[in-house]
file query.txt (compact mmCIF, C-alpha atoms)
# COMPACT_ATOMS: atom_id res chain seq x y z
CA MET A 15 59.22 10.11 35.09
CA TYR A 16 57.56 12.02 37.92
CA ASP A 17 55.54 15.16 37.40
CA LEU A 18 56.81 16.58 40.67
CA VAL A 19 59.46 15.76 43.25
CA ILE A 20 58.93 17.47 46.59
CA VAL A 21 62.03 17.76 48.74
CA GLY A 22 60.97 18.03 52.37
CA SER A 23 58.14 16.57 54.44
CA GLY A 24 57.04 19.26 56.86
CA PRO A 25 53.65 21.00 56.68
CA SER A 26 54.62 22.79 53.46
CA GLY A 27 55.87 19.77 51.55
CA LEU A 28 53.06 17.46 52.60
CA THR A 29 50.37 20.06 51.88
CA ALA A 30 51.85 20.50 48.40
CA ALA A 31 51.82 16.71 47.98
CA ILE A 32 48.12 16.56 48.90
CA TYR A 33 47.22 19.25 46.37
CA ALA A 34 49.42 17.91 43.58
CA THR A 35 48.27 14.28 43.88
CA ARG A 36 44.62 15.31 44.01
CA ALA A 37 45.24 17.21 40.78
CA GLY A 38 46.29 13.91 39.20
CA PHE A 39 50.06 14.34 39.15
CA LYS A 40 52.62 11.66 39.87
CA VAL A 41 54.42 12.88 42.99
CA LEU A 42 57.50 11.70 44.87
CA VAL A 43 58.26 13.17 48.29
CA VAL A 44 61.94 12.94 49.26
CA ALA A 45 61.15 13.22 52.95
CA GLY A 46 64.61 13.11 54.48
CA VAL A 47 66.00 10.49 56.83
CA LYS A 48 64.42 12.49 59.65
CA TRP A 49 61.06 13.23 58.08
CA GLY A 50 58.34 15.58 59.29
CA GLY A 51 60.25 18.77 59.98
CA GLN A 52 60.34 20.78 63.19
CA LEU A 53 56.89 19.62 64.34
CA MET A 54 58.31 16.16 64.97
CA LEU A 55 60.29 17.79 67.80
CA THR A 56 57.27 19.68 69.17
CA THR A 57 54.86 18.54 71.84
CA LEU A 58 51.46 20.26 72.07
CA VAL A 59 50.46 22.52 69.16
CA GLU A 60 47.55 24.77 70.12
CA ASN A 61 47.54 27.26 67.24
CA TYR A 62 46.94 24.98 64.26
CA PRO A 63 43.32 25.38 63.09
CA GLY A 64 40.92 22.48 63.46
CA PHE A 65 42.11 21.11 66.80
CA GLU A 66 40.02 22.52 69.64
CA ASN A 67 42.17 20.94 72.34
CA GLY A 68 45.45 21.17 70.46
CA VAL A 69 47.38 18.36 68.83
CA GLN A 70 50.75 16.75 69.41
CA GLY A 71 53.25 17.80 66.76
CA GLN A 72 54.08 14.23 65.76
CA ASP A 73 50.40 13.29 65.53
CA LEU A 74 49.76 16.24 63.21
CA MET A 75 52.60 15.22 60.91
CA PHE A 76 51.56 11.53 60.82
CA THR A 77 48.04 12.64 59.88
CA MET A 78 49.35 14.87 57.08
CA ARG A 79 51.55 12.07 55.80
CA LYS A 80 48.70 9.54 55.74
CA GLN A 81 46.53 12.04 53.88
CA ALA A 82 49.21 12.60 51.23
CA GLU A 83 49.75 8.85 50.84
CA LYS A 84 45.99 8.28 50.60
CA PHE A 85 45.90 10.39 47.45
CA GLY A 86 48.87 8.58 45.92
CA ALA A 87 52.02 10.43 46.99
CA GLU A 88 55.08 8.19 47.13
CA ILE A 89 57.18 9.04 50.17
CA VAL A 90 60.80 8.00 50.52
CA GLU A 91 62.71 8.58 53.75
CA ALA A 92 66.00 9.59 52.18
CA ASP A 93 68.07 12.76 51.99
CA PHE A 94 68.20 14.69 48.73
CA PRO A 95 71.68 14.60 47.16
CA GLU A 96 73.66 17.76 46.48
CA THR A 97 72.79 18.69 42.91
CA ASP A 98 73.96 21.42 40.53
CA PHE A 99 70.81 22.58 38.78
CA THR A 100 72.68 24.85 36.36
CA THR A 101 73.65 21.75 34.37
CA PHE A 102 70.07 20.95 33.33
CA PRO A 103 68.24 22.26 30.26
CA GLU A 104 65.99 25.27 30.89
CA GLY A 105 62.68 24.11 32.34
CA GLY A 106 63.90 20.58 32.99
CA PRO A 107 63.45 17.69 33.12
CA PHE A 108 65.72 17.12 36.12
CA ASN A 109 67.36 13.89 37.22
CA PHE A 110 69.31 12.74 40.26
CA LYS A 111 70.25 9.53 42.04
CA LEU A 112 68.42 8.50 45.18
CA GLY A 113 70.35 5.57 46.53
CA GLU A 114 70.33 3.01 43.72
CA ARG A 115 67.42 4.68 41.93
CA GLU A 116 67.68 7.12 39.05
CA ILE A 117 64.93 9.69 39.47
CA GLU A 118 63.64 11.92 36.68
CA THR A 119 61.06 14.66 37.15
CA LYS A 120 59.42 17.50 35.27
CA SER A 121 59.48 19.84 38.29
CA ILE A 122 60.89 20.13 41.81
CA LEU A 123 59.58 21.82 44.93
CA VAL A 124 62.16 22.83 47.54
CA ALA A 125 60.38 22.59 50.90
CA THR A 126 63.25 21.65 53.19
CA GLY A 127 62.47 24.13 55.97
CA ALA A 128 64.87 25.82 58.34
CA ASP A 129 66.43 24.59 61.56
CA ALA A 130 66.54 26.86 64.60
CA LYS A 131 70.06 27.57 65.79
CA THR A 132 70.70 25.99 69.16
CA ILE A 133 72.85 27.11 72.06
CA GLY A 134 74.55 23.73 72.03
CA VAL A 135 74.71 23.15 75.79
CA GLU A 136 74.02 20.16 78.00
CA GLY A 137 70.34 19.57 78.68
CA GLU A 138 69.09 21.77 75.84
CA LYS A 139 68.21 19.01 73.39
CA ARG A 140 66.78 16.69 76.08
CA LEU A 141 64.45 19.41 77.38
CA SER A 142 63.42 20.75 73.98
CA GLY A 143 59.63 20.95 74.05
CA ARG A 144 59.73 20.61 77.83
CA GLY A 145 60.59 24.18 78.66
CA VAL A 146 63.16 24.87 75.94
CA SER A 147 61.51 26.53 72.95
CA TYR A 148 62.61 28.09 69.67
CA CYS A 149 59.28 29.77 68.86
CA ALA A 150 57.81 32.41 71.16
CA THR A 151 54.58 32.80 69.20
CA CYS A 152 54.07 29.02 69.28
CA ASP A 153 54.81 28.42 72.95
CA GLY A 154 54.60 31.72 74.82
CA ALA A 155 51.08 31.06 76.10
CA PHE A 156 52.27 27.92 77.91
CA PHE A 157 54.29 30.13 80.29
CA ARG A 158 51.51 32.19 81.79
CA ASN A 159 52.57 33.54 85.21
CA LYS A 160 56.01 31.94 84.82
CA ASN A 161 59.56 33.29 84.78
CA VAL A 162 61.45 32.70 81.54
CA ILE A 163 64.70 33.48 79.77
CA VAL A 164 65.15 34.68 76.21
CA VAL A 165 68.59 34.08 74.68
CA GLY A 166 69.79 36.44 71.96
CA GLY A 167 70.70 39.99 71.06
CA GLY A 168 68.98 40.69 67.76
CA ASP A 169 65.56 41.95 66.72
CA SER A 170 64.07 38.46 67.05
CA ALA A 171 65.16 38.22 70.68
CA MET A 172 63.68 41.66 71.48
CA GLU A 173 60.46 40.81 69.68
CA ASP A 174 60.18 37.44 71.43
CA ALA A 175 60.87 38.91 74.86
CA THR A 176 58.28 41.63 74.35
CA PHE A 177 55.71 39.13 73.09
CA ILE A 178 56.21 36.73 76.00
CA THR A 179 55.50 39.48 78.55
CA ARG A 180 51.84 39.10 77.58
CA PHE A 181 51.91 35.82 79.49
CA ALA A 182 54.99 35.52 81.67
CA THR A 183 55.50 37.19 85.03
CA HIS A 184 59.05 38.17 84.11
CA VAL A 185 61.44 37.77 81.18
CA THR A 186 65.23 37.82 81.55
CA LEU A 187 67.00 38.53 78.27
CA ILE A 188 70.48 37.00 78.26
CA HIS A 189 73.09 38.18 75.76
CA ARG A 190 76.71 37.07 75.62
CA ARG A 191 78.00 40.53 74.69
CA GLU A 192 77.61 44.12 75.89
CA GLU A 193 76.35 45.42 72.56
CA PHE A 194 73.20 44.33 70.74
CA LYS A 195 72.59 43.61 67.06
CA ALA A 196 68.97 44.66 67.48
CA SER A 197 67.69 47.85 65.90
CA LYS A 198 67.34 50.85 68.22
CA ILE A 199 63.55 50.88 68.01
CA MET A 200 63.25 47.20 68.98
CA LEU A 201 65.84 47.52 71.75
CA ASP A 202 64.22 50.64 73.19
CA LYS A 203 60.83 48.92 73.22
CA ALA A 204 62.23 45.97 75.18
CA LYS A 205 64.11 48.23 77.59
CA ALA A 206 60.95 50.21 78.27
CA ASP A 207 59.01 47.09 79.29
CA PRO A 208 59.02 46.74 83.10
CA LYS A 209 58.67 42.96 82.83
CA ILE A 210 61.97 42.58 80.94
CA SER A 211 65.41 42.68 82.56
CA PHE A 212 68.80 42.27 80.86
CA LEU A 213 71.72 40.05 81.76
CA LEU A 214 74.67 41.02 79.55
CA ASN A 215 78.10 39.49 78.97
CA SER A 216 76.53 36.20 80.05
CA GLU A 217 75.61 32.87 78.50
CA ILE A 218 73.84 29.69 79.50
CA THR A 219 76.19 26.75 79.96
CA GLU A 220 73.65 24.11 81.01
CA VAL A 221 69.88 23.61 81.15
CA ILE A 222 68.84 21.59 84.19
CA GLY A 223 65.68 19.63 84.96
CA GLU A 224 64.24 16.13 85.13
CA ASN A 225 61.10 16.22 82.97
CA LYS A 226 60.98 20.00 82.48
CA VAL A 227 63.24 23.01 82.75
CA GLU A 228 63.92 23.84 86.39
CA LYS A 229 67.03 26.02 86.30
CA VAL A 230 70.03 27.02 84.22
CA LYS A 231 73.72 27.55 84.79
CA ILE A 232 74.93 30.96 83.63
CA LYS A 233 78.52 31.99 83.02
CA ASN A 234 79.65 35.60 83.33
CA ASN A 235 81.94 36.12 80.34
CA LYS A 236 83.94 38.85 82.10
CA THR A 237 84.60 37.10 85.41
CA SER A 238 84.05 33.43 84.35
CA GLU A 239 81.86 33.04 87.45
CA VAL A 240 79.13 30.40 87.04
CA THR A 241 75.84 30.78 88.89
CA GLU A 242 72.50 28.95 88.87
CA MET A 243 69.16 30.60 88.15
CA PRO A 244 65.79 28.92 88.82
CA ILE A 245 63.65 29.34 85.69
CA ASP A 246 60.53 27.87 84.10
CA GLY A 247 61.42 28.22 80.43
CA VAL A 248 64.19 29.07 77.99
CA PHE A 249 63.41 30.66 74.62
CA VAL A 250 66.31 30.54 72.15
CA ALA A 251 66.21 33.39 69.63
CA ILE A 252 69.58 33.36 67.89
CA GLY A 253 68.44 32.71 64.33
CA HIS A 254 67.71 29.90 61.88
CA ASN A 255 69.62 27.92 59.26
CA PRO A 256 67.55 27.39 56.08
CA ASN A 257 68.22 23.99 54.52
CA SER A 258 69.13 25.25 51.05
CA ASN A 259 72.78 24.30 50.65
CA VAL A 260 72.29 21.15 48.52
CA PHE A 261 70.43 23.01 45.74
CA LYS A 262 73.39 24.39 43.80
CA GLY A 263 72.44 27.09 41.33
CA VAL A 264 69.22 28.00 43.11
CA GLU A 265 69.61 31.64 44.11
CA VAL A 266 69.45 32.53 47.80
CA LYS A 267 69.18 35.83 49.65
CA ASP A 268 70.81 36.97 52.90
CA GLY A 269 70.93 34.22 55.47
CA GLY A 270 70.69 31.44 52.88
CA TYR A 271 66.91 31.65 52.35
CA VAL A 272 65.82 30.71 48.82
CA LYS A 273 64.95 33.78 46.77
CA GLU A 274 61.56 33.91 45.08
CA PHE A 275 60.86 35.27 41.64
CA GLY A 276 57.13 35.88 41.51
CA HIS A 277 55.18 33.75 43.98
CA SER A 278 56.89 30.40 44.49
CA GLU A 279 59.20 30.34 41.47
CA THR A 280 62.97 30.29 41.87
CA ASN A 281 65.53 31.61 39.40
CA ILE A 282 65.53 28.19 37.68
CA LYS A 283 62.47 27.43 35.61
CA GLY A 284 60.76 24.28 36.85
CA ILE A 285 62.10 24.58 40.40
CA PHE A 286 59.77 26.05 42.98
CA VAL A 287 60.04 26.82 46.70
CA SER A 288 57.71 26.89 49.70
CA GLY A 289 57.81 27.10 53.46
CA ASP A 290 60.49 28.09 55.93
CA VAL A 291 63.39 27.54 53.54
CA ALA A 292 62.21 30.78 51.89
CA ASP A 293 60.22 32.39 54.72
CA ASP A 294 62.53 34.33 57.02
CA HIS A 295 59.69 36.14 58.77
CA TYR A 296 56.69 34.06 59.92
CA ARG A 297 58.00 30.49 60.37
CA GLN A 298 54.67 28.99 61.47
CA ALA A 299 53.19 25.60 60.62
CA ILE A 300 50.03 27.17 59.23
CA THR A 301 51.89 29.66 57.00
CA ALA A 302 54.13 26.86 55.76
CA ALA A 303 51.09 24.76 54.88
CA GLY A 304 49.48 27.68 53.05
CA TYR A 305 52.74 28.27 51.24
CA GLY A 306 52.72 24.63 50.12
CA CYS A 307 49.21 25.05 48.74
CA GLN A 308 50.27 28.12 46.73
CA ALA A 309 53.31 26.36 45.34
CA ALA A 310 51.31 23.30 44.31
CA LEU A 311 48.86 25.49 42.39
CA ASP A 312 51.74 27.32 40.69
CA ILE A 313 53.33 23.98 39.75
CA GLN A 314 50.02 22.72 38.40
CA ARG A 315 49.87 25.68 36.01
CA PHE A 316 53.51 25.15 35.04
CA LEU A 317 52.95 21.47 34.22
CA GLU A 318 49.72 22.13 32.33
CA ASN A 319 51.48 24.75 30.20
CA LYS A 320 54.26 22.28 29.39
CA SER A 321 51.91 19.57 28.13

call {"tool": "encode", "arguments": {"input": "query.txt", "output": "structure tokens"}}
result
Amino acid sequence: MYDLVIVGSGPSGLTAAIYATRAGFKVLVVAGVKWGGQLMLTTLVENYPGFENGVQGQDLMFTMRKQAEKFGAEIVEADFPETDFTTFPEGGPFNFKLGEREIETKSILVATGADAKTIGVEGEKRLSGRGVSYCATCDGAFFRNKNVIVVGGGDSAMEDATFITRFATHVTLIHRREEFKASKIMLDKAKADPKISFLLNSEITEVIGENKVEKVKIKNNKTSEVTEMPIDGVFVAIGHNPNSNVFKGVEVKDGGYVKEFGHSETNIKGIFVSGDVADDHYRQAITAAGYGCQAALDIQRFLENKS
């Protein structure tokens, strides 16, 4: 019997593991086959406190993992099975199979994060972190005096394009349609910025470069003409997919993000949530870590009240 099973091993899950184990609880982290979250796909992280010269994303996650294990967290690199939580008694305990093991726990923390939607074109994955980015606030400063592209047509794309103009020489916003999903106020703000230009009815078909982004191929959706554009960076702002689909019975809001009731509680007593699987606004490593701390403290109170 575990006191807490944490599903997910990004900054939120591992921070929660550190807090919960230090509080004396028996903790299992179901880390996923690909553990560590989005930071495992990130190169230099300059905005995480405590690292004057920045830190590589993978190094940061390995350090967090070692810290959690130091305090006694058990970490298993396996994927959490699809589970219907409406079948359990109110407040738990909860049980599920993890490979050949039967796991039982008094509480669960959902910290599975959210994956950025990709364009899905040749070269995008290979050059991710080498000019292809899914987080303007994380990486915008790396493109000072550069020319970049922002892909998307919603508020996030307008916000990212406007933010990046603080650093970049010019931003080209590419949208596959004529009309935008963005709100009028966000669209008008982007249109008023002299450093932003718009390329409509167009989409990237390939990202090209050896060790970094050098250019892209762009298809005109009206004429089918394909041209090449030299560019230093590509920011993809077409949304995120929260990893919440295996938690049947846990209530979600628009977009699939887990809905909170209170601070980190879900609609099912004994199941809590933290990080980007619930956060559809900030999506930063530091906010996810803080979220994990909050959830761990909430779970501590829940477990103490049960005993």

call {"tool": "atom_distance", "arguments": {"input": "query.txt", "atom1": "atom CA of A:Glu193", "atom2": "atom CA of A:Asp174"}}
result
18.1 Å

call {"tool": "residues_around", "arguments": {"input": "query.txt", "residues": "A:Asn159", "least_positions_apart": "6", "cutoff": "7 Å", "atoms": "only C-alpha atoms", "output": "list in words"}}
result
Phe181, Ala182 and Thr183 of chain A

call {"tool": "write_last_selection", "arguments": {"input": "query.txt", "atoms": "C-alpha atoms", "output": "tab-separated table (two decimals), in the frame of the given file"}}
result
chain	number	residue	atom	x	y	z
A	181	PHE	CA	51.91	35.82	79.49
A	182	ALA	CA	54.99	35.52	81.67
A	183	THR	CA	55.50	37.19	85.03

call {"tool": "residues_around", "arguments": {"input": "query.txt", "residues": "A:Pro208", "least_positions_apart": "3", "cutoff": "10 Å", "atoms": "all atoms listed in the file", "output": "PyMOL selection string"}}
result
chain A and resi 179+184-185+204-205+211

call {"tool": "closest_residue", "arguments": {"input": "query.txt", "among": "A:Gly68, A:Val230, A:Ala310, A:Asp169", "to": "A:Val41", "atoms": "all atoms listed in the file"}}
result
A:Ala310

call {"tool": "residues_around", "arguments": {"input": "query.txt", "residues": "stretch 85-99 of chain A", "least_positions_apart": "5", "cutoff": "8 Å", "atoms": "all atoms listed in the file", "output": "list in words"}}
result
Val21, Ala31, Ile32, Thr35, Arg36, Lys40, Val41, Leu42, Val43, Val44, Ala45, Gly46, Val47, Lys48, Trp49, Phe108, Phe110, Lys111, Leu112, Asn259, Val260, Phe261, Lys262, Gly263, Val264 and Ile282 of chain A

call {"tool": "write_last_selection", "arguments": {"input": "query.txt", "atoms": "C-alpha atoms", "output": "short mmCIF file (atom, residue, chain, number, x, y, z; two decimals), in the frame of the given file"}}
result
data_model
loop_
_atom_site.label_atom_id
_atom_site.label_comp_id
_atom_site.auth_asym_id
_atom_site.auth_seq_id
_atom_site.Cartn_x
_atom_site.Cartn_y
_atom_site.Cartn_z
CA VAL A 21 62.03 17.76 48.74
CA ALA A 31 51.82 16.71 47.98
CA ILE A 32 48.12 16.56 48.90
CA THR A 35 48.27 14.28 43.88
CA ARG A 36 44.62 15.31 44.01
CA LYS A 40 52.62 11.66 39.87
CA VAL A 41 54.42 12.88 42.99
CA LEU A 42 57.50 11.70 44.87
CA VAL A 43 58.26 13.17 48.29
CA VAL A 44 61.94 12.94 49.26
CA ALA A 45 61.15 13.22 52.95
CA GLY A 46 64.61 13.11 54.48
CA VAL A 47 66.00 10.49 56.83
CA LYS A 48 64.42 12.49 59.65
CA TRP A 49 61.06 13.23 58.08
CA PHE A 108 65.72 17.12 36.12
CA PHE A 110 69.31 12.74 40.26
CA LYS A 111 70.25 9.53 42.04
CA LEU A 112 68.42 8.50 45.18
CA ASN A 259 72.78 24.30 50.65
CA VAL A 260 72.29 21.15 48.52
CA PHE A 261 70.43 23.01 45.74
CA LYS A 262 73.39 24.39 43.80
CA GLY A 263 72.44 27.09 41.33
CA VAL A 264 69.22 28.00 43.11
CA ILE A 282 65.53 28.19 37.68
#

call {"tool": "atom_distance", "arguments": {"input": "query.txt", "atom1": "atom CA of A:Tyr305", "atom2": "atom CA of A:His277"}}
result
9.4 Å

call {"tool": "closest_residue", "arguments": {"input": "query.txt", "among": "A:Glu220, A:Asp294, A:Glu192, A:Glu173", "to": "A:Glu136", "atoms": "all atoms listed in the file"}}
result
A:Glu220

call {"tool": "residues_around", "arguments": {"input": "query.txt", "residues": "A:Thr119", "least_positions_apart": "3", "cutoff": "7 Å", "atoms": "all atoms listed in the file", "output": "number ranges by chain"}}
result
A: 15-19, 107-109

call {"tool": "residues_around", "arguments": {"input": "query.txt", "residues": "A:Ala292", "least_positions_apart": "3", "cutoff": "7 Å", "atoms": "all atoms listed in the file", "output": "list of chain:residue names"}}
result
A:Tyr271, A:Val272, A:Lys273, A:Val287, A:Ser288, A:Gly289

call {"tool": "atom_distance", "arguments": {"input": "query.txt", "atom1": "atom CA of A:Ala82", "atom2": "atom CA of A:His254"}}
result
27.5 Å

call {"tool": "closest_residue", "arguments": {"input": "query.txt", "among": "A:Val135, A:Ala303, A:Val59, A:Ala128", "to": "A:Gly71", "atoms": "all atoms listed in the file"}}
result
A:Val59

call {"tool": "axis_aligned_box", "arguments": {"input": "query.txt", "around": "stretch 227-231 of chain A", "padding_each_side": "4 Å", "output": "lines of an AutoDock Vina configuration file"}}
result
center_x = 68.5
center_y = 25.3
center_z = 84.6
size_x = 18.5
size_y = 12.5
size_z = 11.6

call {"tool": "closest_residue", "arguments": {"input": "query.txt", "among": "A:Asp153, A:Leu123, A:Gly167, A:Phe212", "to": "A:Gln298", "atoms": "all atoms listed in the file"}}
result
A:Asp153

call {"tool": "closest_residue", "arguments": {"input": "query.txt", "among": "A:Ala309, A:Leu28, A:Val69, A:Val227", "to": "A:Gly284", "atoms": "all atoms listed in the file"}}
result
A:Ala309
